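*Asks:* Contents are TSV, C-alpha atoms and all ligand atoms; file name data_23.tsv:
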chain	number	residue	atom	x	y	z
A	1	MET	CA	99.75	-21.10	-215.57
A	2	THR	CA	100.81	-24.40	-214.07
A	3	THR	CA	103.62	-26.38	-215.67
A	4	ALA	CA	102.70	-29.68	-214.02
A	5	ILE	CA	100.30	-30.35	-216.89
A	6	MET	CA	101.54	-31.85	-220.15
A	7	PRO	CA	101.46	-29.02	-222.68
A	8	THR	CA	99.14	-30.73	-225.18
A	9	TYR	CA	96.87	-27.69	-225.45
A	10	ALA	CA	97.62	-24.16	-226.68
A	11	ARG	CA	95.57	-22.55	-223.93
A	12	LEU	CA	94.19	-19.03	-224.05
A	13	PRO	CA	95.28	-16.75	-221.18
A	14	VAL	CA	92.04	-16.92	-219.23
A	15	GLN	CA	90.33	-19.16	-216.72
A	16	PHE	CA	86.75	-19.05	-215.61
A	17	SER	CA	85.48	-19.18	-212.07
A	18	HIS	CA	81.78	-19.70	-212.69
A	19	GLY	CA	79.02	-19.49	-215.24
A	20	GLU	CA	75.31	-19.01	-215.58
A	21	GLY	CA	73.32	-19.67	-218.74
A	22	VAL	CA	75.28	-18.47	-221.76
A	23	TRP	CA	77.62	-16.35	-219.62
A	24	LEU	CA	80.99	-17.12	-218.03
A	25	TRP	CA	83.01	-15.03	-215.55
A	26	ASP	CA	86.79	-15.00	-215.23
A	27	GLU	CA	88.68	-14.58	-211.99
A	28	SER	CA	88.83	-10.81	-212.33
A	29	GLY	CA	85.04	-10.64	-212.63
A	30	LYS	CA	84.97	-9.97	-216.39
A	31	ARG	CA	81.94	-11.45	-218.16
A	32	TYR	CA	82.05	-13.44	-221.42
A	33	LEU	CA	79.28	-14.43	-223.84
A	34	ASP	CA	79.88	-18.09	-224.64
A	35	ALA	CA	79.36	-18.76	-228.36
A	36	LEU	CA	81.22	-22.08	-228.22
A	37	SER	CA	79.70	-24.06	-225.28
A	38	GLY	CA	82.98	-25.82	-224.49
A	39	ILE	CA	82.97	-27.07	-228.12
A	40	ALA	CA	79.33	-28.14	-228.42
A	41	VAL	CA	79.20	-29.60	-224.90
A	42	CYS	CA	77.27	-27.14	-222.71
A	43	SER	CA	74.20	-26.86	-224.93
A	44	LEU	CA	72.11	-26.02	-221.87
A	45	GLY	CA	74.62	-23.36	-220.88
A	46	HIS	CA	76.39	-23.27	-217.54
A	47	ALA	CA	75.00	-24.24	-214.14
A	48	HIS	CA	71.66	-25.29	-215.62
A	49	PRO	CA	69.44	-25.98	-212.60
A	50	ALA	CA	67.91	-29.18	-214.02
A	51	VAL	CA	71.35	-30.67	-214.68
A	52	SER	CA	72.96	-29.43	-211.45
A	53	GLY	CA	69.92	-30.70	-209.55
A	54	ALA	CA	70.08	-34.14	-211.18
A	55	ILE	CA	73.82	-34.42	-210.47
A	56	CYS	CA	73.41	-33.41	-206.81
A	57	GLU	CA	70.46	-35.71	-206.26
A	58	GLN	CA	72.18	-38.70	-207.86
A	59	ALA	CA	75.49	-37.99	-206.08
A	60	GLY	CA	73.63	-38.13	-202.80
A	61	LYS	CA	72.29	-41.60	-203.60
A	62	LEU	CA	74.77	-43.53	-205.73
A	63	VAL	CA	77.61	-42.47	-208.05
A	64	HIS	CA	78.97	-45.79	-209.27
A	65	THR	CA	78.30	-49.46	-208.88
A	66	SER	CA	79.58	-51.43	-211.87
A	67	ASN	CA	78.30	-52.91	-215.09
A	68	LEU	CA	78.44	-56.19	-213.18
A	69	TYR	CA	75.02	-55.11	-211.91
A	70	GLY	CA	71.84	-53.64	-213.32
A	71	ILE	CA	71.82	-49.84	-213.55
A	72	GLN	CA	68.36	-48.34	-213.66
A	73	ARG	CA	69.43	-44.86	-214.80
A	74	GLN	CA	71.31	-46.47	-217.70
A	75	GLU	CA	68.21	-48.38	-218.76
A	76	GLU	CA	66.10	-45.24	-218.60
A	77	LEU	CA	68.61	-43.25	-220.65
A	78	ALA	CA	68.92	-46.02	-223.24
A	79	ARG	CA	65.12	-46.16	-223.59
A	80	ARG	CA	64.92	-42.40	-224.01
A	81	LEU	CA	67.75	-42.22	-226.56
A	82	THR	CA	66.50	-45.12	-228.66
A	83	ALA	CA	62.97	-43.66	-228.70
A	84	LEU	CA	64.27	-40.27	-229.82
A	85	THR	CA	66.59	-41.61	-232.52
A	86	GLY	CA	64.80	-44.69	-233.85
A	87	MET	CA	67.76	-46.85	-232.84
A	88	GLN	CA	67.40	-50.11	-230.88
A	89	ASN	CA	70.08	-50.38	-228.22
A	90	VAL	CA	73.02	-48.54	-226.68
A	91	PHE	CA	76.54	-49.15	-225.36
A	92	PHE	CA	77.63	-46.42	-222.93
A	93	ALA	CA	81.17	-45.04	-222.85
A	94	ASN	CA	82.81	-41.95	-221.34
A	95	SER	CA	83.80	-39.84	-224.34
A	96	GLY	CA	83.35	-39.37	-228.05
A	97	ALA	CA	86.50	-41.24	-228.97
A	98	GLU	CA	85.36	-44.18	-226.86
A	99	ALA	CA	81.92	-44.17	-228.46
A	100	ASN	CA	83.61	-44.29	-231.87
A	101	GLU	CA	85.95	-47.08	-230.70
A	102	ALA	CA	82.84	-49.08	-229.83
A	103	ALA	CA	81.48	-48.37	-233.33
A	104	ILE	CA	84.72	-49.29	-235.14
A	105	LYS	CA	85.04	-52.50	-233.12
A	106	LEU	CA	81.40	-53.26	-233.92
A	107	ALA	CA	82.12	-52.84	-237.66
A	108	ARG	CA	85.06	-55.25	-237.45
A	109	PHE	CA	82.99	-57.70	-235.43
A	110	TYR	CA	80.27	-57.48	-238.06
A	111	GLY	CA	82.84	-58.15	-240.80
A	112	HIS	CA	84.16	-61.23	-239.04
A	113	SER	CA	80.61	-62.49	-238.56
A	114	ARG	CA	80.32	-62.38	-242.36
A	115	GLY	CA	83.61	-64.22	-242.91
A	116	ILE	CA	85.62	-61.10	-243.83
A	117	ASP	CA	89.02	-61.52	-242.14
A	118	ARG	CA	90.41	-58.04	-242.69
A	119	PRO	CA	87.38	-55.75	-242.57
A	120	ALA	CA	87.75	-52.11	-243.62
A	121	VAL	CA	85.73	-48.97	-242.90
A	122	VAL	CA	85.25	-46.13	-245.38
A	123	VAL	CA	86.13	-42.76	-243.78
A	124	MET	CA	86.27	-39.20	-245.07
A	125	GLU	CA	88.85	-36.54	-245.76
A	126	SER	CA	88.74	-33.67	-243.21
A	127	SER	CA	86.89	-35.88	-240.74
A	128	PHE	CA	87.45	-35.92	-236.99
A	129	HIS	CA	86.67	-38.95	-234.87
A	130	GLY	CA	88.90	-38.62	-231.80
A	131	ARG	CA	92.42	-39.06	-230.43
A	132	THR	CA	92.71	-42.74	-229.52
A	133	LEU	CA	94.77	-44.83	-231.94
A	134	ALA	CA	91.83	-46.22	-233.90
A	135	THR	CA	89.90	-42.96	-233.97
A	136	LEU	CA	92.91	-40.84	-234.97
A	137	SER	CA	93.56	-43.37	-237.72
A	138	ALA	CA	89.97	-42.85	-238.89
A	139	THR	CA	90.41	-39.07	-238.68
A	140	GLY	CA	91.16	-37.29	-241.96
A	141	ASN	CA	93.82	-34.89	-240.68
A	142	ALA	CA	97.54	-35.58	-241.17
A	143	LYS	CA	98.50	-33.25	-238.28
A	144	ILE	CA	96.56	-35.37	-235.80
A	145	GLN	CA	98.21	-38.57	-237.07
A	146	ALA	CA	101.80	-37.31	-237.43
A	147	GLY	CA	104.19	-38.98	-235.02
A	148	PHE	CA	101.78	-41.72	-233.98
A	149	GLU	CA	102.44	-44.19	-236.75
A	150	PRO	CA	101.94	-47.04	-237.29
A	151	LEU	CA	98.30	-46.11	-237.68
A	152	VAL	CA	95.54	-48.64	-237.13
A	153	GLU	CA	94.84	-50.32	-240.46
A	154	GLY	CA	91.49	-51.04	-241.99
A	155	PHE	CA	90.37	-47.59	-243.17
A	156	VAL	CA	89.75	-46.50	-246.77
A	157	ARG	CA	89.58	-42.72	-247.23
A	158	VAL	CA	87.43	-40.83	-249.72
A	159	PRO	CA	86.56	-37.13	-250.18
A	160	TYR	CA	83.62	-35.82	-248.10
A	161	ASN	CA	80.32	-35.17	-249.88
A	162	ASP	CA	81.24	-37.44	-252.80
A	163	LEU	CA	78.92	-40.43	-253.23
A	164	ASP	CA	80.65	-41.60	-256.40
A	165	ALA	CA	83.91	-41.96	-254.51
A	166	ILE	CA	82.18	-44.34	-252.08
A	167	ARG	CA	80.64	-46.30	-254.97
A	168	GLN	CA	84.12	-46.67	-256.46
A	169	VAL	CA	85.43	-48.08	-253.19
A	170	ALA	CA	82.65	-50.68	-253.36
A	171	GLU	CA	83.93	-51.78	-256.76
A	172	GLN	CA	87.59	-51.88	-255.73
A	173	HIS	CA	87.53	-53.28	-252.19
A	174	ALA	CA	85.68	-56.47	-251.30
A	175	ASN	CA	86.57	-56.20	-247.59
A	176	VAL	CA	84.64	-53.02	-246.78
A	177	VAL	CA	82.03	-53.52	-244.06
A	178	ALA	CA	80.98	-49.99	-243.05
A	179	VAL	CA	81.01	-46.25	-243.72
A	180	LEU	CA	81.79	-43.86	-240.85
A	181	VAL	CA	80.81	-40.25	-241.49
A	182	GLU	CA	79.81	-37.01	-239.75
A	183	PRO	CA	76.45	-35.57	-240.98
A	184	VAL	CA	78.12	-32.15	-240.78
A	185	GLN	CA	81.90	-32.07	-240.34
A	186	GLY	CA	82.72	-30.07	-237.21
A	187	GLU	CA	86.48	-29.86	-236.67
A	188	GLY	CA	86.98	-30.10	-240.44
A	189	GLY	CA	85.40	-26.66	-240.93
A	190	VAL	CA	81.61	-26.89	-240.43
A	191	ASN	CA	81.28	-28.65	-243.78
A	192	VAL	CA	77.61	-29.12	-244.69
A	193	PRO	CA	77.12	-31.78	-247.39
A	194	THR	CA	74.67	-31.54	-250.26
A	195	ALA	CA	71.08	-32.50	-249.32
A	196	GLY	CA	70.61	-36.19	-250.07
A	197	TYR	CA	74.16	-37.16	-249.11
A	198	LEU	CA	73.09	-39.26	-246.12
A	199	ASN	CA	70.29	-40.87	-248.11
A	200	GLY	CA	72.82	-41.74	-250.79
A	201	ILE	CA	75.14	-43.34	-248.22
A	202	ARG	CA	72.18	-45.29	-246.79
A	203	GLU	CA	71.44	-46.65	-250.27
A	204	ILE	CA	75.04	-47.66	-250.94
A	205	CYS	CA	75.31	-49.33	-247.52
A	206	ASP	CA	72.08	-51.27	-248.09
A	207	ARG	CA	73.20	-52.41	-251.53
A	208	HIS	CA	76.51	-53.79	-250.21
A	209	GLN	CA	75.33	-54.86	-246.75
A	210	TRP	CA	77.65	-52.35	-245.11
A	211	LEU	CA	76.92	-50.70	-241.78
A	212	MET	CA	76.07	-47.00	-242.05
A	213	MET	CA	77.77	-45.44	-239.03
A	214	LEU	CA	77.14	-41.79	-238.18
A	215	ASP	CA	79.42	-39.85	-235.88
A	216	GLU	CA	76.89	-37.45	-234.32
A	217	ILE	CA	79.14	-36.59	-231.40
A	218	GLN	CA	79.09	-32.90	-232.37
A	219	THR	CA	75.84	-32.74	-234.37
A	220	GLY	CA	73.64	-34.73	-231.96
A	221	ILE	CA	71.32	-33.73	-229.08
A	222	GLY	CA	69.52	-30.98	-230.96
A	223	ARG	CA	72.53	-29.01	-232.17
A	224	THR	CA	71.56	-28.87	-235.87
A	225	GLY	CA	67.81	-28.36	-235.37
A	226	ARG	CA	66.89	-32.04	-235.24
A	227	PHE	CA	67.49	-34.31	-232.24
A	228	VAL	CA	70.09	-36.07	-234.38
A	229	ALA	CA	71.19	-34.57	-237.70
A	230	CYS	CA	70.29	-37.64	-239.79
A	231	GLN	CA	66.63	-36.78	-239.09
A	232	HIS	CA	66.98	-33.89	-241.57
A	233	GLU	CA	66.97	-36.62	-244.23
A	234	ALA	CA	64.81	-39.12	-242.32
A	235	VAL	CA	67.70	-41.58	-242.42
A	236	VAL	CA	68.16	-44.22	-239.71
A	237	PRO	CA	71.77	-45.45	-239.60
A	238	ASP	CA	72.92	-48.84	-238.30
A	239	VAL	CA	75.27	-47.24	-235.79
A	240	LEU	CA	75.16	-43.73	-234.31
A	241	THR	CA	77.59	-42.22	-231.80
A	242	LEU	CA	76.89	-39.45	-229.32
A	243	ALA	CA	78.95	-37.69	-226.64
A	244	LYS	CA	79.74	-33.96	-226.25
A	245	ALA	CA	76.33	-32.40	-225.38
A	246	LEU	CA	74.89	-35.62	-223.97
A	247	GLY	CA	76.02	-34.85	-220.41
A	248	ASN	CA	76.30	-31.03	-220.71
A	249	GLY	CA	79.85	-31.43	-219.36
A	250	VAL	CA	79.55	-34.64	-217.37
A	251	PRO	CA	81.64	-37.13	-219.40
A	252	ILE	CA	79.47	-39.66	-221.24
A	253	GLY	CA	79.50	-41.20	-224.70
A	254	ALA	CA	77.08	-43.55	-226.39
A	255	CYS	CA	77.20	-45.95	-229.31
A	256	LEU	CA	73.68	-46.72	-230.53
A	257	ALA	CA	72.85	-49.58	-232.88
A	258	SER	CA	69.86	-50.72	-234.91
A	259	GLY	CA	68.95	-53.63	-237.14
A	260	LYS	CA	71.76	-56.06	-237.88
A	261	ALA	CA	74.21	-54.02	-235.78
A	262	ALA	CA	72.04	-54.22	-232.65
A	263	GLY	CA	72.35	-57.98	-232.22
A	264	LEU	CA	76.12	-58.38	-232.60
A	265	TYR	CA	77.72	-57.74	-229.23
A	266	GLY	CA	77.30	-60.32	-226.48
A	267	PRO	CA	78.71	-60.61	-222.94
A	268	GLY	CA	82.47	-60.00	-222.93
A	269	ASN	CA	82.73	-58.47	-226.40
A	270	HIS	CA	83.14	-54.91	-225.17
A	271	GLY	CA	83.14	-53.09	-221.85
A	272	SER	CA	83.96	-50.06	-219.74
A	273	THR	CA	84.40	-49.58	-216.00
A	274	PHE	CA	82.78	-46.15	-215.81
A	275	GLY	CA	80.59	-46.33	-218.92
A	276	GLY	CA	76.96	-45.54	-218.16
A	277	ASN	CA	77.40	-45.11	-214.43
A	278	PRO	CA	74.45	-43.73	-212.44
A	279	LEU	CA	75.90	-40.21	-212.12
A	280	ALA	CA	76.63	-39.70	-215.82
A	281	CYS	CA	73.29	-41.22	-216.81
A	282	ALA	CA	71.35	-39.06	-214.36
A	283	ALA	CA	72.98	-35.96	-215.84
A	284	ALA	CA	72.31	-37.13	-219.40
A	285	LEU	CA	68.68	-37.96	-218.60
A	286	ALA	CA	68.19	-34.41	-217.36
A	287	VAL	CA	69.87	-33.02	-220.49
A	288	VAL	CA	67.83	-35.12	-222.90
A	289	LYS	CA	64.61	-34.21	-221.09
A	290	GLU	CA	65.38	-30.48	-221.26
A	291	VAL	CA	66.43	-30.58	-224.91
A	292	ALA	CA	63.72	-32.88	-226.26
A	293	ASP	CA	60.78	-31.89	-224.05
A	294	GLY	CA	61.77	-28.25	-223.65
A	295	GLY	CA	61.43	-27.36	-227.33
A	296	LEU	CA	65.15	-26.70	-227.68
A	297	VAL	CA	65.52	-28.73	-230.87
A	298	GLU	CA	63.06	-26.49	-232.72
A	299	ARG	CA	64.63	-23.51	-231.03
A	300	ALA	CA	68.08	-24.48	-232.35
A	301	ALA	CA	66.69	-24.56	-235.89
A	302	GLU	CA	65.00	-21.17	-235.44
A	303	LEU	CA	68.01	-19.51	-233.80
A	304	GLY	CA	70.38	-20.97	-236.38
A	305	GLU	CA	68.34	-19.44	-239.17
A	306	ARG	CA	68.17	-16.11	-237.36
A	307	MET	CA	71.93	-16.03	-236.86
A	308	LEU	CA	72.84	-17.20	-240.36
A	309	ASN	CA	70.49	-14.58	-241.84
A	310	GLY	CA	72.09	-11.98	-239.60
A	311	PHE	CA	75.54	-12.93	-240.83
A	312	ARG	CA	74.33	-12.93	-244.44
A	313	ASP	CA	72.97	-9.38	-243.99
A	314	ARG	CA	76.26	-8.14	-242.63
A	315	LEU	CA	78.89	-10.20	-244.42
A	316	THR	CA	77.60	-11.47	-247.77
A	317	GLY	CA	79.52	-10.00	-250.69
A	318	ARG	CA	82.37	-8.66	-248.54
A	319	SER	CA	85.68	-9.45	-250.16
A	320	GLY	CA	87.55	-11.87	-247.94
A	321	VAL	CA	84.40	-13.70	-246.84
A	322	VAL	CA	84.47	-17.01	-248.71
A	323	ASP	CA	81.37	-18.73	-247.33
A	324	LEU	CA	78.68	-18.55	-244.64
A	325	ARG	CA	77.18	-21.91	-243.80
A	326	GLY	CA	75.61	-23.91	-241.06
A	327	LYS	CA	72.88	-26.17	-239.83
A	328	GLY	CA	70.97	-25.08	-236.74
A	329	LEU	CA	73.39	-23.76	-234.16
A	330	MET	CA	76.46	-25.12	-235.91
A	331	ILE	CA	77.68	-22.11	-237.88
A	332	GLY	CA	80.80	-21.57	-239.98
A	333	ILE	CA	82.16	-18.34	-241.43
A	334	GLN	CA	84.96	-19.14	-243.84
A	335	LEU	CA	87.40	-16.36	-244.62
A	336	GLY	CA	89.94	-16.26	-247.43
A	337	ARG	CA	92.91	-16.23	-245.07
A	338	PRO	CA	94.00	-17.82	-241.78
A	339	CYS	CA	92.21	-16.02	-238.95
A	340	THR	CA	93.10	-17.84	-235.72
A	341	GLU	CA	94.02	-14.49	-234.14
A	342	LEU	CA	90.31	-13.61	-234.10
A	343	VAL	CA	89.86	-15.96	-231.15
A	344	LYS	CA	92.03	-13.74	-228.93
A	345	GLN	CA	90.48	-10.54	-230.25
A	346	ALA	CA	87.02	-11.89	-229.45
A	347	LEU	CA	88.18	-13.00	-226.01
A	348	SER	CA	89.39	-9.51	-225.13
A	349	GLN	CA	85.94	-8.24	-226.10
A	350	GLY	CA	84.23	-10.79	-223.87
A	351	LEU	CA	83.14	-13.22	-226.57
A	352	LEU	CA	84.14	-16.90	-226.81
A	353	ILE	CA	84.47	-18.23	-230.37
A	354	ASN	CA	86.59	-20.81	-232.17
A	355	VAL	CA	88.47	-20.98	-235.45
A	356	THR	CA	88.82	-24.39	-237.06
A	357	ALA	CA	90.53	-25.63	-240.22
A	358	GLY	CA	92.65	-22.45	-240.11
A	359	SER	CA	90.27	-20.00	-241.69
A	360	THR	CA	86.74	-20.92	-240.58
A	361	ILE	CA	85.18	-19.21	-237.57
A	362	ARG	CA	83.08	-21.82	-235.82
A	363	LEU	CA	80.16	-20.92	-233.58
A	364	LEU	CA	78.43	-23.49	-231.38
A	365	PRO	CA	76.43	-21.42	-228.91
A	366	PRO	CA	74.20	-22.93	-226.22
A	367	LEU	CA	70.70	-23.87	-227.39
A	368	ILE	CA	69.21	-21.78	-224.57
A	369	LEU	CA	70.31	-18.52	-226.20
A	370	SER	CA	67.80	-15.64	-226.18
A	371	ASP	CA	67.13	-13.75	-229.42
A	372	ALA	CA	68.99	-10.75	-228.01
A	373	GLU	CA	72.02	-12.86	-227.12
A	374	ALA	CA	72.00	-14.44	-230.57
A	375	ASP	CA	71.94	-10.97	-232.13
A	376	GLN	CA	74.75	-9.87	-229.85
A	377	ILE	CA	76.93	-12.75	-231.10
A	378	VAL	CA	76.11	-11.91	-234.72
A	379	GLU	CA	77.00	-8.25	-234.21
A	380	GLY	CA	80.15	-8.95	-232.21
A	381	VAL	CA	81.50	-11.54	-234.64
A	382	SER	CA	80.55	-9.52	-237.73
A	383	ASP	CA	82.34	-6.44	-236.39
A	384	LEU	CA	85.43	-8.49	-235.62
A	385	VAL	CA	85.41	-10.00	-239.12
A	386	LEU	CA	84.89	-6.67	-240.89
A	387	ASN	CA	87.64	-5.06	-238.84
A	388	PHE	CA	89.97	-8.00	-239.51
A	389	LEU	CA	89.34	-7.87	-243.26
A	390	GLU	CA	89.79	-4.09	-243.34
A	391	GLN	CA	93.14	-4.34	-241.57
A	392	ALA	CA	94.22	-7.17	-243.86
A	393	ALA	CA	93.34	-5.04	-246.88
A	394	GLU	CA	95.29	-2.08	-245.47
A	395	THR	CA	98.34	-4.27	-244.83
A	396	ALA	CA	98.14	-5.54	-248.39
A	397	ALA	CA	97.82	-2.01	-249.86
A	401	LIG	C1	84.70	-34.11	-230.36
A	401	LIG	C2	84.47	-35.15	-231.37
A	401	LIG	C3	84.96	-36.46	-231.19
A	401	LIG	C4	85.82	-36.86	-230.03
A	401	LIG	O1	85.19	-36.72	-228.80
A	401	LIG	P1	86.07	-36.79	-227.44
A	401	LIG	O2	85.04	-36.75	-226.36
A	401	LIG	O3	86.97	-35.60	-227.45
A	401	LIG	O4	86.84	-38.05	-227.48
A	401	LIG	C5	84.65	-37.40	-232.17
A	401	LIG	N1	83.91	-37.07	-233.24
A	401	LIG	C6	83.44	-35.83	-233.44
A	401	LIG	C7	82.61	-35.55	-234.65
A	401	LIG	C8	83.71	-34.82	-232.52
A	401	LIG	O5	83.26	-33.58	-232.75
Could you show the structure in this file as C-alpha cells?
Ligand SMILES: *Cc1c(COP(=O)(O)O)cnc(C)c1O
*Replies:*
Amino acid sequence: MTTAIMPTYARLPVQFSHGEGVWLWDESGKRYLDALSGIAVCSLGHAHPAVSGAICEQAGKLVHTSNLYGIQRQEELARRLTALTGMQNVFFANSGAEANEAAIKLARFYGHSRGIDRPAVVVMESSFHGRTLATLSATGNAKIQAGFEPLVEGFVRVPYNDLDAIRQVAEQHANVVAVLVEPVQGEGGVNVPTAGYLNGIREICDRHQWLMMLDEIQTGIGRTGRFVACQHEAVVPDVLTLAKALGNGVPIGACLASGKAAGLYGPGNHGSTFGGNPLACAAALAVVKEVADGGLVERAAELGERMLNGFRDRLTGRSGVVDLRGKGLMIGIQLGRPCTELVKQALSQGLLINVTAGSTIRLLPPLILSDAEADQIVEGVSDLVLNFLEQAAETAA
C-alpha cells in the first residue's frame, strides 16, 4: 500500500471498492459481512439510498456557504436533534473530538462565569474522547497520551462506574465544574455501567452545580436501543456530544446543550469553518429521519438482545470466555487473553469485527441488519472464538 501516508494506522491488508447494506466488496470481488460499520459510523449500512440521495440532491444545490450566514439545513437538523434528545440547542462541528472540544470549552466557560479561575472536569479511567490535545488529555488511556505531554490540565480522573469516587472528588476539589462520561465505554472495552449510574451522576452534578456532559459519540443515534443512551435511564444531561453515526460517514459532530449550558456561548466564543455546512446537515437529516422514523432504534434493541442471547447460548460457561455484555447493537465479548489476531482470522472468512482493550471483541453492526445476518454474525464470531480458545488450550497443554 502507499507510503505517502503517515503510518499512524496499523491497516489490515484489504481495501474495499463498494458496499451495499451490511455488505462490502474488496477489489478482488470478495464479499464481507460488516459487523463494525466503520466503528459505529455506517449504522444505515453502505450506499443507503436515502443518504446517497440527500447528499446528491444537496451537492447539486449548495455544499458550503459559511456560518457568517443562515443555514436552513443546520436549523432543521438542530430542531430535529433537540426534539429527539430533550436538549435545547446545538453547536455543529466536523468530528467527535471537535464536538468534545466544544463541550470541554463550554465547561471551562461555565466555570469562569461562576468565578472559578482554574475549572476542572471529572473524567473516567478507560475513557476515550478523541485525539486532539484536550480530548486526549481527557482520555483515560496512557498509550494515547504517551509522547504528547504536556497534557492539557484541568482533568480529575476517577474509576468508571464508581459514584463514590465522584462524590469524593466533590469533597476534595472546589474547582470542579463538570463530569464528562460515556454512557457505555466503547474503545475502553464495551464497558456497561450498573443501572442507575447516569442517574447517580445527574444527582451529584445537580447537588454541586456541575455540568453533566455525556459523550454519546459512539452510543448515540440509536446504537444502544434508545435514540441516545441516557434515555435508558430517562436522564437529560446538560451537554451531550454526537458524531460517528450522525452522518453515516459524512463528517459531522454536534455538541448539544440544555438548561444552564444552553445560554453560555455567544457570538465569537466558538466557531468552525465547515461545522454544520449544508452538505453534512443534509446527510445527517436523512440519517436521523431513517433511524428515528424508520423504527431502527427499537430494532437495535431487539437485534442486540437476539445477538447477545445467541452468544450466551454458544459461549456462556466456556473456559476462556470472561464476559458477554452489551447494550443494543454495541456488543462486547471479553476473553481471558489478548485476541487481536481474531480480526485477521475473521477478515479472511469475510467478516469485519474489531478487538478493543486487547481482549474484548467489539461488534457494532449496522442497525439495518436482518435477523439472518445477525445470526450469521453470531455463528461466525462464536466459531472463531471457540476455535481460538481450543487452539490456545492445545498450545498450553
Ligand atoms: C470515536 C469517539 C470519539 C472521537 O471521535 P472522532 O470523530 O474520531 O474525533 C470520541 N468519543 C467517543 C466515545 C468515541 O467513540
*Asks:* Check the smallest atom-to-atom distance from each of A:Asp26, A:Arg207, A:Leu364, A:Thr241 to A:His129 using all atoms listed in the file, then report the winner.
*Replies:*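 Distance minimum relative to A:His129 lands on A:Thr241.
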*Asks:* Around all listed atoms of ligand LIG 401 (chain A), padded 5 Å per side, what centre and edge lengths does the axis-aligned box have in Å to one decimal, as JSON?
*Replies:*
{"center_x": 84.8, "center_y": -35.8, "center_z": -230.5, "size_x": 14.4, "size_y": 14.5, "size_z": 18.3}
*Asks:* May I ask for the distance between atom CA of A:Ala245 and atom CA of A:Leu352, given in Å to one decimal place?
*Replies:* 17.4 Å
*Asks:* Could you please extract the residues within 10 Å of ligand LIG 401 (chain A), counting all atoms listed in the file, and hand them back as a PyMOL selection string?
*Replies:* chain A and resi 39-41+93-101+127-132+135-136+139+181-188+214-220+241-245+251-253
*Asks:* Which residues come within 6 Å of stretch 279-283 of chain A, counting all atoms listed in the file, excluding same-chain residues fewer than 2 positions away, as a list in words?
*Replies:*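 Close residues of stretch 279-283 of chain A: Val51, Ala54, Ile55, Gln58, Val63, Arg73, Gln74, Gly247, Gly276, Asn277, Leu285 and Ala286 of chain A.
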*Asks:* Quick one: contact table of stretch 157-263 of chain A to stretch 322-333 of chain A, 7 Å max, nearest atom pair and distance in Å to one decimal per residue, counting all atoms listed in the file, chain and number order, as a tab-separated table?
*Replies:*
residue	atom	partner	partner_atom	distance
A:Gly189	CA	A:Gly332	CA	6.9
A:Val190	CA	A:Gly332	CA	5.4
A:Val192	CA	A:Gly326	CA	6.7
A:Arg223	CA	A:Leu329	CA	5.7
A:Thr224	CA	A:Gly328	CA	3.9
A:Gly225	CA	A:Gly328	CA	4.8
*Asks:* May I have the selected residues written with C-alpha atoms, as a PDB file, in the coordinates of the input?
*Replies:*
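selection21.pdb, freshly written:
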ATOM      1  CA  GLY A 189      85.400 -26.660-240.930  1.00  0.00           C
ATOM      2  CA  VAL A 190      81.610 -26.890-240.430  1.00  0.00           C
ATOM      3  CA  VAL A 192      77.610 -29.120-244.690  1.00  0.00           C
ATOM      4  CA  ARG A 223      72.530 -29.010-232.170  1.00  0.00           C
ATOM      5  CA  THR A 224      71.560 -28.870-235.870  1.00  0.00           C
ATOM      6  CA  GLY A 225      67.810 -28.360-235.370  1.00  0.00           C
TER       7      GLY A 225
END
